[in-house]
>>> print(open('query-v2.txt').read())   # compact mmCIF, C-alpha atoms (C1' of nucleotides)
# COMPACT_ATOMS: atom_id res chain seq x y z
CA MET A 27 -54.45 21.50 -27.36
CA ALA A 28 -51.93 18.84 -28.50
CA ARG A 29 -49.42 21.23 -30.00
CA PRO A 30 -46.03 19.96 -31.09
CA PRO A 31 -43.85 20.26 -27.99
CA ARG A 32 -40.80 21.79 -29.68
CA LEU A 33 -40.31 24.36 -32.37
CA ASP A 34 -39.86 22.98 -35.85
CA GLU A 35 -36.50 23.43 -37.52
CA ARG A 36 -37.40 26.52 -39.45
CA GLN A 37 -38.85 28.29 -36.44
CA ARG A 38 -35.82 27.35 -34.39
CA LEU A 39 -33.49 28.89 -36.95
CA VAL A 40 -35.54 32.07 -37.33
CA TRP A 41 -35.73 32.46 -33.56
CA LYS A 42 -31.99 31.95 -33.22
CA ALA A 43 -31.29 34.42 -36.00
CA TYR A 44 -33.55 36.96 -34.34
CA ARG A 45 -31.73 36.69 -31.04
CA ASP A 46 -28.26 36.54 -32.53
CA LEU A 47 -29.05 39.57 -34.64
CA TYR A 48 -30.09 41.62 -31.65
CA GLU A 49 -27.03 40.61 -29.66
CA ALA A 50 -24.75 41.45 -32.55
CA LEU A 51 -26.42 44.80 -33.18
CA SER A 52 -26.25 45.68 -29.50
CA ALA A 53 -22.58 44.85 -29.38
CA VAL A 54 -21.76 46.93 -32.44
CA MET A 55 -23.82 49.89 -31.27
CA SER A 56 -22.48 50.03 -27.74
CA GLU A 57 -18.92 49.60 -28.93
CA GLN A 58 -19.42 52.47 -31.34
CA LEU A 59 -20.95 54.69 -28.65
CA LEU A 60 -18.21 53.93 -26.18
CA ARG A 61 -15.48 54.54 -28.70
CA ASP A 62 -16.84 57.74 -30.21
CA ALA A 63 -18.39 59.43 -27.20
CA GLY A 64 -17.47 57.46 -24.10
CA LEU A 65 -21.10 56.63 -23.41
CA SER A 66 -22.86 53.41 -22.60
CA GLY A 67 -26.08 52.57 -24.37
CA SER A 68 -28.13 53.35 -21.28
CA GLU A 69 -26.44 56.69 -20.76
CA TYR A 70 -27.04 57.59 -24.37
CA ALA A 71 -30.71 56.70 -24.05
CA VAL A 72 -31.12 59.01 -21.06
CA LEU A 73 -29.34 61.86 -22.79
CA VAL A 74 -31.45 61.46 -25.93
CA GLU A 75 -34.68 61.61 -23.94
CA LEU A 76 -33.53 64.72 -22.12
CA SER A 77 -32.37 66.41 -25.31
CA HIS A 78 -35.78 65.74 -26.90
CA SER A 79 -37.58 67.52 -24.06
CA PRO A 80 -38.24 71.26 -24.42
CA GLU A 81 -36.10 72.50 -21.54
CA GLY A 82 -33.68 69.64 -21.23
CA VAL A 83 -35.31 68.71 -17.95
CA LEU A 84 -37.54 65.77 -17.13
CA ARG A 85 -38.98 64.26 -14.04
CA ALA A 86 -37.49 60.94 -13.08
CA ARG A 87 -40.94 59.42 -13.34
CA GLU A 88 -41.27 60.60 -16.94
CA LEU A 89 -37.88 59.21 -17.83
CA CYS A 90 -38.79 55.85 -16.37
CA GLY A 91 -41.99 55.85 -18.37
CA GLU A 92 -40.34 56.77 -21.66
CA LEU A 93 -37.51 54.29 -21.26
CA GLY A 94 -39.61 51.53 -19.73
CA TRP A 95 -37.23 51.29 -16.79
CA ASP A 96 -37.36 50.58 -13.11
CA ARG A 97 -37.06 53.60 -10.82
CA SER A 98 -34.09 52.01 -9.13
CA ARG A 99 -32.21 51.54 -12.36
CA LEU A 100 -32.65 55.16 -13.31
CA SER A 101 -31.64 56.36 -9.87
CA HIS A 102 -28.41 54.41 -9.90
CA LEU A 103 -27.56 55.49 -13.43
CA VAL A 104 -28.36 59.14 -12.79
CA ARG A 105 -26.13 59.13 -9.74
CA ARG A 106 -23.22 57.86 -11.80
CA MET A 107 -23.95 60.27 -14.64
CA GLU A 108 -24.17 63.14 -12.19
CA GLN A 109 -20.72 62.32 -10.89
CA ARG A 110 -19.42 62.52 -14.45
CA GLY A 111 -21.15 65.85 -15.01
CA LEU A 112 -23.52 64.64 -17.73
CA VAL A 113 -26.71 65.48 -15.86
CA ALA A 114 -27.74 67.34 -12.71
CA ARG A 115 -30.39 66.50 -10.17
CA GLU A 116 -32.86 69.17 -9.05
CA GLU A 117 -35.79 69.28 -6.70
CA CYS A 118 -39.25 69.17 -8.16
CA SER A 119 -41.20 72.32 -7.45
CA GLU A 120 -44.66 70.86 -7.82
CA ASP A 121 -44.10 67.62 -5.91
CA ALA A 122 -41.69 67.52 -3.01
CA ARG A 123 -41.21 63.79 -3.47
CA GLY A 124 -40.15 64.20 -7.06
CA SER A 125 -36.73 64.60 -8.60
CA MET A 126 -35.86 66.40 -11.81
CA VAL A 127 -33.01 65.39 -14.09
CA ARG A 128 -31.41 68.19 -16.09
CA LEU A 129 -29.13 67.89 -19.10
CA THR A 130 -25.89 69.78 -18.49
CA ASP A 131 -23.82 71.47 -21.19
CA ALA A 132 -21.37 68.59 -21.08
CA GLY A 133 -24.24 66.14 -21.45
CA LEU A 134 -25.64 68.02 -24.41
CA ALA A 135 -22.23 68.14 -26.02
CA ALA A 136 -21.78 64.41 -25.50
CA VAL A 137 -25.09 63.46 -27.08
CA ASP A 138 -24.67 65.91 -29.96
CA ASP A 139 -21.27 64.46 -30.53
CA ALA A 140 -22.46 60.88 -30.46
CA ALA A 141 -25.73 61.12 -32.36
CA PRO A 142 -24.56 61.49 -35.97
CA GLU A 143 -22.21 58.55 -35.95
CA HIS A 144 -24.67 56.47 -33.98
CA SER A 145 -27.44 57.20 -36.44
CA GLU A 146 -25.13 56.38 -39.30
CA ALA A 147 -24.24 53.07 -37.68
CA ILE A 148 -27.92 52.18 -37.36
CA ARG A 149 -28.49 52.99 -41.02
CA ARG A 150 -25.43 51.08 -42.12
CA CYS A 151 -26.19 47.97 -40.08
CA PHE A 152 -29.96 47.98 -40.46
CA PHE A 153 -31.94 50.26 -42.72
CA ASN A 154 -29.56 50.41 -45.65
CA VAL A 155 -29.82 46.65 -46.06
CA LEU A 156 -33.62 46.65 -46.31
CA THR A 157 -35.89 47.23 -49.27
CA ASN A 158 -38.92 49.47 -48.89
CA ARG A 159 -41.26 46.50 -49.01
CA GLU A 160 -39.30 44.77 -46.29
CA LEU A 161 -39.33 47.87 -44.13
CA ASP A 162 -43.10 48.07 -44.56
CA THR A 163 -43.42 44.51 -43.35
CA LEU A 164 -41.11 45.02 -40.40
CA GLU A 165 -42.99 48.11 -39.28
CA VAL A 166 -46.30 46.29 -39.28
CA VAL A 167 -44.92 43.11 -37.75
CA PHE A 168 -42.94 44.74 -34.95
CA ASP A 169 -45.92 46.80 -33.89
CA ARG A 170 -48.24 43.81 -33.90
CA LEU A 171 -45.76 41.63 -31.99
CA LEU A 172 -45.11 44.34 -29.44
CA ASP A 173 -48.81 44.74 -28.94
CA ASN A 174 -49.23 41.02 -28.57
CA VAL A 175 -46.41 40.49 -26.12
CA THR A 176 -47.34 43.38 -23.87
CA ARG A 177 -50.81 41.93 -23.65
CA ASP A 178 -49.37 38.51 -22.90
CA GLY A 179 -46.85 39.75 -20.39
CA SER A 180 -49.37 41.33 -18.09
CA MET B 26 -21.22 61.70 -47.93
CA ALA B 27 -23.67 64.33 -46.71
CA ARG B 28 -26.14 61.95 -45.14
CA PRO B 29 -28.89 63.25 -42.92
CA PRO B 30 -27.39 63.30 -39.43
CA ARG B 31 -30.34 61.77 -37.59
CA LEU B 32 -32.79 59.03 -38.38
CA ASP B 33 -36.05 60.15 -39.88
CA GLU B 34 -39.20 59.72 -37.84
CA ARG B 35 -40.25 56.46 -39.36
CA GLN B 36 -36.86 54.85 -38.92
CA ARG B 37 -36.71 56.08 -35.35
CA LEU B 38 -40.04 54.44 -34.56
CA VAL B 39 -39.17 51.16 -36.25
CA TRP B 40 -35.82 51.06 -34.44
CA LYS B 41 -37.50 51.74 -31.13
CA ALA B 42 -40.14 49.11 -31.76
CA TYR B 43 -37.43 46.61 -32.63
CA ARG B 44 -35.56 47.21 -29.40
CA ASP B 45 -38.65 47.39 -27.22
CA LEU B 46 -39.91 44.17 -28.73
CA TYR B 47 -36.72 42.34 -27.93
CA GLU B 48 -36.66 43.62 -24.37
CA ALA B 49 -40.27 42.64 -23.85
CA LEU B 50 -39.79 39.20 -25.34
CA SER B 51 -36.68 38.62 -23.23
CA ALA B 52 -38.54 39.62 -20.11
CA VAL B 53 -41.48 37.34 -20.82
CA MET B 54 -39.27 34.40 -21.73
CA SER B 55 -36.95 34.61 -18.76
CA GLU B 56 -39.83 35.08 -16.39
CA GLN B 57 -41.50 32.00 -17.82
CA LEU B 58 -38.31 29.94 -17.56
CA LEU B 59 -37.67 31.02 -14.01
CA ARG B 60 -41.21 30.35 -12.93
CA ASP B 61 -41.65 26.98 -14.62
CA ALA B 62 -38.19 25.46 -14.24
CA GLY B 63 -36.13 27.73 -12.00
CA LEU B 64 -33.67 28.45 -14.83
CA SER B 65 -32.23 31.66 -16.17
CA GLY B 66 -32.10 32.19 -19.90
CA SER B 67 -28.36 31.58 -19.97
CA GLU B 68 -28.64 28.39 -17.98
CA TYR B 69 -31.36 27.15 -20.30
CA ALA B 70 -29.21 27.91 -23.33
CA VAL B 71 -26.34 25.85 -21.93
CA LEU B 72 -28.60 22.95 -21.08
CA VAL B 73 -30.18 22.99 -24.54
CA GLU B 74 -26.78 22.86 -26.23
CA LEU B 75 -25.69 19.97 -24.05
CA SER B 76 -28.91 18.07 -24.59
CA HIS B 77 -28.50 18.44 -28.36
CA SER B 78 -25.06 16.85 -28.26
CA PRO B 79 -24.84 13.06 -28.70
CA GLU B 80 -23.45 12.14 -25.28
CA GLY B 81 -24.59 15.15 -23.30
CA VAL B 82 -21.00 16.29 -23.05
CA LEU B 83 -19.27 19.18 -24.75
CA ARG B 84 -15.97 20.87 -24.47
CA ALA B 85 -16.10 24.32 -22.99
CA ARG B 86 -14.60 25.68 -26.17
CA GLU B 87 -17.39 24.17 -28.25
CA LEU B 88 -20.03 25.61 -25.97
CA CYS B 89 -18.49 29.04 -26.26
CA GLY B 90 -18.49 28.73 -30.01
CA GLU B 91 -22.11 27.61 -30.26
CA LEU B 92 -23.37 30.23 -27.87
CA GLY B 93 -21.13 33.02 -29.08
CA TRP B 94 -19.90 33.62 -25.56
CA ASP B 95 -16.74 34.62 -23.82
CA ARG B 96 -14.80 31.82 -22.11
CA SER B 97 -14.99 33.68 -18.85
CA ARG B 98 -18.75 33.97 -18.96
CA LEU B 99 -19.15 30.27 -19.52
CA SER B 100 -16.67 29.42 -16.78
CA HIS B 101 -18.49 31.52 -14.20
CA LEU B 102 -21.88 30.17 -15.23
CA VAL B 103 -20.74 26.54 -15.27
CA ARG B 104 -19.31 26.92 -11.78
CA ARG B 105 -22.66 28.15 -10.49
CA MET B 106 -24.57 25.47 -12.39
CA GLU B 107 -22.22 22.81 -11.06
CA GLN B 108 -22.97 23.90 -7.52
CA ARG B 109 -26.66 23.43 -8.26
CA GLY B 110 -26.07 20.01 -9.75
CA LEU B 111 -27.21 20.87 -13.28
CA VAL B 112 -23.91 20.05 -14.94
CA ALA B 113 -20.60 18.43 -14.01
CA ARG B 114 -17.08 19.34 -15.00
CA GLU B 115 -14.71 16.68 -16.26
CA GLU B 116 -11.16 16.64 -17.51
CA CYS B 117 -10.57 16.47 -21.21
CA SER B 118 -8.77 13.31 -22.21
CA GLU B 119 -7.35 14.59 -25.47
CA ASP B 120 -6.20 18.01 -24.27
CA ALA B 121 -5.03 18.47 -20.71
CA ARG B 122 -5.90 22.17 -20.83
CA GLY B 123 -9.46 21.46 -21.80
CA SER B 124 -12.54 21.08 -19.68
CA MET B 125 -15.62 19.06 -20.49
CA VAL B 126 -19.11 19.99 -19.36
CA ARG B 127 -21.51 17.12 -18.82
CA LEU B 128 -25.27 17.27 -18.47
CA THR B 129 -26.38 15.58 -15.25
CA ASP B 130 -29.66 13.78 -14.76
CA ALA B 131 -30.99 16.77 -12.87
CA GLY B 132 -29.92 19.06 -15.70
CA LEU B 133 -31.62 16.86 -18.27
CA ALA B 134 -34.76 16.75 -16.20
CA ALA B 135 -34.75 20.53 -15.86
CA VAL B 136 -34.39 21.19 -19.56
CA ASP B 137 -36.94 18.54 -20.51
CA ASP B 138 -39.28 20.07 -18.03
CA ALA B 139 -38.77 23.60 -19.30
CA ALA B 140 -38.68 23.06 -23.05
CA PRO B 141 -42.36 22.44 -23.88
CA GLU B 142 -43.69 25.47 -22.09
CA HIS B 143 -40.84 27.60 -23.35
CA SER B 144 -41.49 26.55 -26.93
CA GLU B 145 -45.16 27.24 -26.47
CA ALA B 146 -44.39 30.71 -25.15
CA ILE B 147 -42.25 31.45 -28.20
CA ARG B 148 -45.04 30.34 -30.50
CA ARG B 149 -47.65 32.29 -28.60
CA CYS B 150 -45.64 35.50 -28.45
CA PHE B 151 -44.02 35.31 -31.86
CA PHE B 152 -44.83 32.79 -34.54
CA ASN B 153 -48.56 32.50 -34.00
CA VAL B 154 -48.95 36.21 -34.72
CA LEU B 155 -47.20 36.03 -38.10
CA THR B 156 -48.54 35.11 -41.52
CA ASN B 157 -46.54 32.79 -43.74
CA ARG B 158 -45.57 35.64 -46.02
CA GLU B 159 -44.34 37.65 -43.08
CA LEU B 160 -42.33 34.72 -41.77
CA ASP B 161 -40.74 34.34 -45.19
CA THR B 162 -39.70 37.97 -45.13
CA LEU B 163 -38.36 37.77 -41.60
CA GLU B 164 -36.29 34.72 -42.38
CA VAL B 165 -34.66 36.38 -45.36
CA VAL B 166 -34.21 39.73 -43.63
CA PHE B 167 -32.76 38.40 -40.38
CA ASP B 168 -30.22 36.29 -42.23
CA ARG B 169 -29.16 39.18 -44.43
CA LEU B 170 -28.91 41.60 -41.50
CA LEU B 171 -26.94 39.13 -39.43
CA ASP B 172 -24.58 38.59 -42.31
CA ASN B 173 -24.21 42.31 -42.76
CA VAL B 174 -23.60 43.14 -39.12
CA THR B 175 -21.07 40.40 -38.55
CA ARG B 176 -19.14 41.71 -41.53
CA ASP B 177 -19.40 45.25 -40.18
CA GLY B 178 -18.47 44.32 -36.62
CA SER B 179 -15.12 42.83 -37.49
C1' DC C 10 14.73 18.40 -27.85
C1' DT C 11 14.06 23.27 -26.67
C1' DC C 12 12.26 27.58 -27.04
C1' DC C 13 8.54 30.49 -28.09
C1' DC C 14 3.99 31.75 -28.95
C1' DC C 15 -0.69 30.74 -28.85
C1' DT C 16 -4.74 28.49 -26.96
C1' DT C 17 -7.59 27.06 -23.10
C1' DG C 18 -9.59 27.79 -19.02
C1' DA C 19 -9.96 29.78 -14.18
C1' DT C 20 -10.05 33.64 -11.13
C1' DG C 21 -10.74 38.38 -8.92
C1' DA C 22 -12.10 43.04 -9.40
C1' DC C 23 -15.34 45.90 -11.14
C1' DG C 24 -19.77 47.87 -13.38
C1' DC C 25 -24.43 47.58 -14.12
C1' DG C 26 -29.28 46.00 -13.23
C1' DT C 27 -32.71 43.78 -10.06
C1' DC C 28 -34.85 43.14 -5.79
C1' DA C 29 -36.40 44.35 -1.31
C1' DA C 30 -36.54 47.61 2.30
C1' DC C 31 -37.11 52.14 3.55
C1' DC C 32 -38.46 57.09 3.92
C1' DT C 33 -40.96 60.97 2.65
C1' DA C 34 -44.82 63.26 0.71
C1' DC C 35 -49.27 63.34 -1.55
C1' DG C 36 -54.20 63.00 -1.36
C1' DA C 37 -58.61 60.76 -0.49
C1' DT C 38 -61.59 59.62 3.18
C1' DG C 39 -63.53 59.86 7.56
C1' DC D 2 -57.34 67.93 10.31
C1' DA D 3 -55.93 63.21 11.44
C1' DT D 4 -55.29 58.84 9.21
C1' DC D 5 -54.26 55.61 6.00
C1' DG D 6 -53.01 53.82 1.65
C1' DT D 7 -50.10 54.66 -2.10
C1' DA D 8 -46.65 56.89 -5.25
C1' DG D 9 -41.87 58.64 -5.99
C1' DG D 10 -37.28 58.12 -5.09
C1' DT D 11 -32.99 56.41 -2.74
C1' DT D 12 -30.09 53.00 -0.93
C1' DG D 13 -27.66 48.43 -0.04
C1' DA D 14 -27.13 43.66 -1.09
C1' DC D 15 -26.76 40.47 -4.45
C1' DG D 16 -26.22 38.14 -9.22
C1' DC D 17 -24.47 38.14 -13.60
C1' DG D 18 -21.23 39.55 -17.38
C1' DT D 19 -16.81 41.86 -18.83
C1' DC D 20 -12.14 42.72 -18.49
C1' DA D 21 -7.42 41.96 -17.24
C1' DT D 22 -4.48 38.69 -15.48
C1' DC D 23 -2.65 34.26 -14.60
C1' DA D 24 -1.24 29.30 -15.00
C1' DA D 25 -0.50 25.57 -17.75
C1' DG D 26 -0.53 22.72 -21.84
C1' DG D 27 -0.05 22.29 -26.97
C1' DG D 28 2.49 22.62 -31.17
C1' DG D 29 5.50 24.37 -34.54
C1' DA D 30 10.37 26.37 -35.99
C1' DG D 31 15.04 26.00 -35.33
>>> encode(input="query-v2.txt", output="structure tokens")
Amino acid sequence: MARPPRLDERQRLVWKAYRDLYEALSAVMSEQLLRDAGLSGSEYAVLVELSHSPEGVLRARELCGELGWDRSRLSHLVRRMEQRGLVAREECSEDARGSMVRLTDAGLAAVDDAAPEHSEAIRRCFFNVLTNRELDTLEVVFDRLLDNVTRDGS
Amino acid sequence: MARPPRLDERQRLVWKAYRDLYEALSAVMSEQLLRDAGLSGSEYAVLVELSHSPEGVLRARELCGELGWDRSRLSHLVRRMEQRGLVAREECSEDARGSMVRLTDAGLAAVDDAAPEHSEAIRRCFFNVLTNRELDTLEVVFDRLLDNVTRDGS
DNA sequence: CTCCCCTTGATGACGCGTCAACCTACGATG
DNA sequence: CATCGTAGGTTGACGCGTCATCAAGGGGAG
């Protein structure tokens, strides 16, 4: 197809800014979570999913699906979180292979404690700096790109 | 300030799409690099920086600055890359503490081999799906956000 | 010149995520 | 109901990044 082999200068800068931005946002967010609630980003994500579910219980398979994670990753993380008392493992009544993950009181307290400041940090570092028109564009663009890359990736 | 404690639904979805997109893009890119050139994303980044420098040599400190990395991270990675013959360590003539990292022939070959397909993947998964107006917006927005978050983070 | 403090880089321990191997249980098929 | 393929989950080994610590050189103040 005789495409130019490298990115042009503008594309290179936009791509770098995109990556640098994500790294910087990740760093700020996880530092904030760790400081205010003693949670890692992954732990917070698990707790949020559980707290959004009706009973505070989800099957491991569901959690993996929602978070887009490997089963192994979740298993390791849940083991560590269980040792800290944030979640509890239970047997699955309808499938003897399955494993349920339950939010404990301590886990609920941790996520309730962390959520307001975390949300505020996201607004401060992201949404507050955008105009409505820009947010419209981002919404459309992110969805289209995500669609495109998931089709490309598999 | 009496802000709403949580993100509203739209913000939550945009934030999730933003993060999912980055994760998906990272996965596709590193898989492509590993498959086509046997390089990890970090290794590729180091090789690109070195290949952009006039003599193919940079001080470790410079590399850390360009990449925004910890000294320790670079040191560990360079040691592994040295064992694979991608780079070579040299003493720094003007500062006996310093350490220079030199691109070897094998390293140059690897990055030259990887770059075209990697660039094409970035275009295919990112730039080709954007209109010019959207790219304009992204450029402005990413720069502003990066500026904002680096001011917030420190 | 001589301290003293800071910078530079290397190293080891540790935490987290990925990969491969494994086990158990489900469920379709014969 | 016996079998076989597959899904769900756990575990251990390994790789990479972070953190704390260390050694050693630079560079300024006195």
>>> closest_atom_pairs(input="query-v2.txt", of="chain B", to="chain C", cutoff="10 Å", atoms="only C-alpha atoms (C1' of nucleotides)", output="Markdown table")
| residue | atom | partner | partner_atom | distance |
| --- | --- | --- | --- | --- |
| B:Ala85 | CA | C:DG18 | C1' | 8.4 |
| B:Arg86 | CA | C:DT17 | C1' | 7.8 |
| B:Arg96 | CA | C:DG18 | C1' | 7.3 |
| B:Ser97 | CA | C:DA19 | C1' | 7.9 |
| B:Leu99 | CA | C:DG18 | C1' | 9.9 |
| B:Ser100 | CA | C:DA19 | C1' | 7.2 |
| B:His101 | CA | C:DA19 | C1' | 8.7 |
| B:Asp120 | CA | C:DT17 | C1' | 9.2 |
| B:Ala121 | CA | C:DT17 | C1' | 9.3 |
| B:Arg122 | CA | C:DT17 | C1' | 5.6 |
| B:Gly123 | CA | C:DT17 | C1' | 6.0 |
| B:Ser124 | CA | C:DG18 | C1' | 7.4 |
>>> residues_around(input="query-v2.txt", residues="stretch 68-78 of chain A", least_positions_apart="4", cutoff="7 Å", atoms="only C-alpha atoms (C1' of nucleotides)", output="ChimeraX atom specification")
/A:82-84,129,133-134,137
>>> calpha_fit_and_write(input="query-v2.txt", fixed="chain B", moving="chain A", output="tab-separated table (two decimals) with C-alpha atoms, in the frame of the given file")
chain	number	residue	atom	x	y	z
A	27	MET	CA	-21.31	61.65	-48.08
A	28	ALA	CA	-23.73	64.32	-46.74
A	29	ARG	CA	-26.20	61.92	-45.18
A	30	PRO	CA	-28.96	63.25	-42.96
A	31	PRO	CA	-27.44	63.30	-39.48
A	32	ARG	CA	-30.40	61.78	-37.63
A	33	LEU	CA	-32.83	59.02	-38.40
A	34	ASP	CA	-36.09	60.12	-39.93
A	35	GLU	CA	-39.25	59.68	-37.90
A	36	ARG	CA	-40.27	56.41	-39.41
A	37	GLN	CA	-36.87	54.83	-38.95
A	38	ARG	CA	-36.75	56.07	-35.38
A	39	LEU	CA	-40.07	54.43	-34.60
A	40	VAL	CA	-39.17	51.14	-36.28
A	41	TRP	CA	-35.85	51.05	-34.46
A	42	LYS	CA	-37.53	51.76	-31.14
A	43	ALA	CA	-40.15	49.10	-31.78
A	44	TYR	CA	-37.43	46.61	-32.64
A	45	ARG	CA	-35.59	47.23	-29.41
A	46	ASP	CA	-38.68	47.41	-27.23
A	47	LEU	CA	-39.92	44.18	-28.75
A	48	TYR	CA	-36.73	42.34	-27.93
A	49	GLU	CA	-36.68	43.65	-24.37
A	50	ALA	CA	-40.29	42.67	-23.86
A	51	LEU	CA	-39.80	39.21	-25.33
A	52	SER	CA	-36.71	38.65	-23.21
A	53	ALA	CA	-38.57	39.65	-20.09
A	54	VAL	CA	-41.50	37.36	-20.81
A	55	MET	CA	-39.29	34.42	-21.72
A	56	SER	CA	-36.97	34.63	-18.74
A	57	GLU	CA	-39.87	35.12	-16.36
A	58	GLN	CA	-41.52	32.04	-17.80
A	59	LEU	CA	-38.33	29.98	-17.53
A	60	LEU	CA	-37.69	31.07	-13.98
A	61	ARG	CA	-41.23	30.37	-12.91
A	62	ASP	CA	-41.66	27.00	-14.59
A	63	ALA	CA	-38.20	25.50	-14.21
A	64	GLY	CA	-36.14	27.76	-11.99
A	65	LEU	CA	-33.69	28.48	-14.79
A	66	SER	CA	-32.24	31.68	-16.13
A	67	GLY	CA	-32.10	32.22	-19.85
A	68	SER	CA	-28.36	31.61	-19.94
A	69	GLU	CA	-28.65	28.40	-17.96
A	70	TYR	CA	-31.36	27.18	-20.26
A	71	ALA	CA	-29.22	27.93	-23.30
A	72	VAL	CA	-26.35	25.86	-21.91
A	73	LEU	CA	-28.61	22.96	-21.06
A	74	VAL	CA	-30.20	23.01	-24.51
A	75	GLU	CA	-26.81	22.88	-26.22
A	76	LEU	CA	-25.72	19.98	-24.05
A	77	SER	CA	-28.96	18.09	-24.58
A	78	HIS	CA	-28.56	18.47	-28.36
A	79	SER	CA	-25.12	16.86	-28.28
A	80	PRO	CA	-24.90	13.07	-28.72
A	81	GLU	CA	-23.51	12.17	-25.31
A	82	GLY	CA	-24.65	15.15	-23.32
A	83	VAL	CA	-21.05	16.28	-23.08
A	84	LEU	CA	-19.32	19.17	-24.79
A	85	ARG	CA	-16.01	20.87	-24.54
A	86	ALA	CA	-16.13	24.32	-23.05
A	87	ARG	CA	-14.62	25.66	-26.24
A	88	GLU	CA	-17.46	24.17	-28.29
A	89	LEU	CA	-20.06	25.63	-25.98
A	90	CYS	CA	-18.50	29.06	-26.27
A	91	GLY	CA	-18.53	28.75	-30.03
A	92	GLU	CA	-22.15	27.63	-30.25
A	93	LEU	CA	-23.40	30.26	-27.84
A	94	GLY	CA	-21.14	33.04	-29.06
A	95	TRP	CA	-19.89	33.63	-25.53
A	96	ASP	CA	-16.72	34.64	-23.79
A	97	ARG	CA	-14.78	31.83	-22.10
A	98	SER	CA	-14.97	33.69	-18.83
A	99	ARG	CA	-18.73	33.97	-18.94
A	100	LEU	CA	-19.13	30.27	-19.51
A	101	SER	CA	-16.67	29.41	-16.77
A	102	HIS	CA	-18.48	31.49	-14.20
A	103	LEU	CA	-21.88	30.16	-15.21
A	104	VAL	CA	-20.74	26.54	-15.27
A	105	ARG	CA	-19.31	26.90	-11.79
A	106	ARG	CA	-22.64	28.12	-10.48
A	107	MET	CA	-24.56	25.46	-12.38
A	108	GLU	CA	-22.23	22.79	-11.06
A	109	GLN	CA	-22.96	23.87	-7.52
A	110	ARG	CA	-26.66	23.43	-8.24
A	111	GLY	CA	-26.08	20.00	-9.73
A	112	LEU	CA	-27.21	20.87	-13.26
A	113	VAL	CA	-23.91	20.05	-14.94
A	114	ALA	CA	-20.60	18.41	-14.03
A	115	ARG	CA	-17.10	19.34	-15.04
A	116	GLU	CA	-14.73	16.67	-16.35
A	117	GLU	CA	-11.19	16.62	-17.62
A	118	CYS	CA	-10.63	16.46	-21.33
A	119	SER	CA	-8.86	13.29	-22.37
A	120	GLU	CA	-7.44	14.56	-25.62
A	121	ASP	CA	-6.26	17.97	-24.42
A	122	ALA	CA	-5.05	18.42	-20.87
A	123	ARG	CA	-5.87	22.12	-21.01
A	124	GLY	CA	-9.46	21.46	-21.93
A	125	SER	CA	-12.54	21.08	-19.78
A	126	MET	CA	-15.64	19.06	-20.56
A	127	VAL	CA	-19.12	20.00	-19.39
A	128	ARG	CA	-21.53	17.12	-18.84
A	129	LEU	CA	-25.29	17.27	-18.48
A	130	THR	CA	-26.38	15.58	-15.25
A	131	ASP	CA	-29.68	13.77	-14.75
A	132	ALA	CA	-31.00	16.75	-12.84
A	133	GLY	CA	-29.93	19.04	-15.68
A	134	LEU	CA	-31.63	16.86	-18.25
A	135	ALA	CA	-34.78	16.76	-16.17
A	136	ALA	CA	-34.75	20.53	-15.82
A	137	VAL	CA	-34.41	21.20	-19.53
A	138	ASP	CA	-36.96	18.54	-20.47
A	139	ASP	CA	-39.29	20.09	-17.98
A	140	ALA	CA	-38.78	23.60	-19.25
A	141	ALA	CA	-38.68	23.06	-23.00
A	142	PRO	CA	-42.35	22.45	-23.84
A	143	GLU	CA	-43.70	25.48	-22.07
A	144	HIS	CA	-40.84	27.61	-23.31
A	145	SER	CA	-41.45	26.55	-26.89
A	146	GLU	CA	-45.13	27.23	-26.47
A	147	ALA	CA	-44.37	30.70	-25.14
A	148	ILE	CA	-42.22	31.45	-28.18
A	149	ARG	CA	-45.00	30.32	-30.49
A	150	ARG	CA	-47.63	32.26	-28.61
A	151	CYS	CA	-45.64	35.50	-28.46
A	152	PHE	CA	-44.00	35.29	-31.86
A	153	PHE	CA	-44.78	32.74	-34.53
A	154	ASN	CA	-48.51	32.46	-34.01
A	155	VAL	CA	-48.90	36.15	-34.75
A	156	LEU	CA	-47.13	35.96	-38.12
A	157	THR	CA	-48.43	35.04	-41.54
A	158	ASN	CA	-46.42	32.71	-43.74
A	159	ARG	CA	-45.44	35.55	-46.03
A	160	GLU	CA	-44.23	37.59	-43.10
A	161	LEU	CA	-42.23	34.68	-41.75
A	162	ASP	CA	-40.62	34.28	-45.17
A	163	THR	CA	-39.59	37.91	-45.10
A	164	LEU	CA	-38.26	37.75	-41.57
A	165	GLU	CA	-36.18	34.68	-42.34
A	166	VAL	CA	-34.54	36.34	-45.30
A	167	VAL	CA	-34.11	39.70	-43.59
A	168	PHE	CA	-32.68	38.40	-40.32
A	169	ASP	CA	-30.12	36.30	-42.15
A	170	ARG	CA	-29.06	39.17	-44.37
A	171	LEU	CA	-28.83	41.61	-41.45
A	172	LEU	CA	-26.87	39.15	-39.35
A	173	ASP	CA	-24.50	38.63	-42.21
A	174	ASN	CA	-24.14	42.35	-42.68
A	175	VAL	CA	-23.55	43.20	-39.05
A	176	THR	CA	-21.01	40.47	-38.44
A	177	ARG	CA	-19.08	41.78	-41.40
A	178	ASP	CA	-19.36	45.31	-40.06
A	179	GLY	CA	-18.48	44.40	-36.52
A	180	SER	CA	-15.13	42.90	-37.35
>>> closest_atom_pairs(input="query-v2.txt", of="chain B", to="chain A", cutoff="6 Å", atoms="only C-alpha atoms", output="CSV")
residue,atom,partner,partner_atom,distance
B:Pro30,CA,A:Pro142,CA,4.8
B:Arg31,CA,A:Ser145,CA,5.5
B:Leu32,CA,A:Ser145,CA,6.0
B:Val39,CA,A:Glu165,CA,5.8
B:Leu46,CA,A:Leu172,CA,5.3
B:Val53,CA,A:Gly179,CA,5.9
B:Pro141,CA,A:Pro31,CA,4.9
B:Ser144,CA,A:Arg32,CA,5.5
B:Cys150,CA,A:Val175,CA,5.6
B:Glu164,CA,A:Val40,CA,5.8
B:Leu171,CA,A:Leu47,CA,5.3
B:Val174,CA,A:Cys151,CA,5.6
B:Gly178,CA,A:Val54,CA,5.9
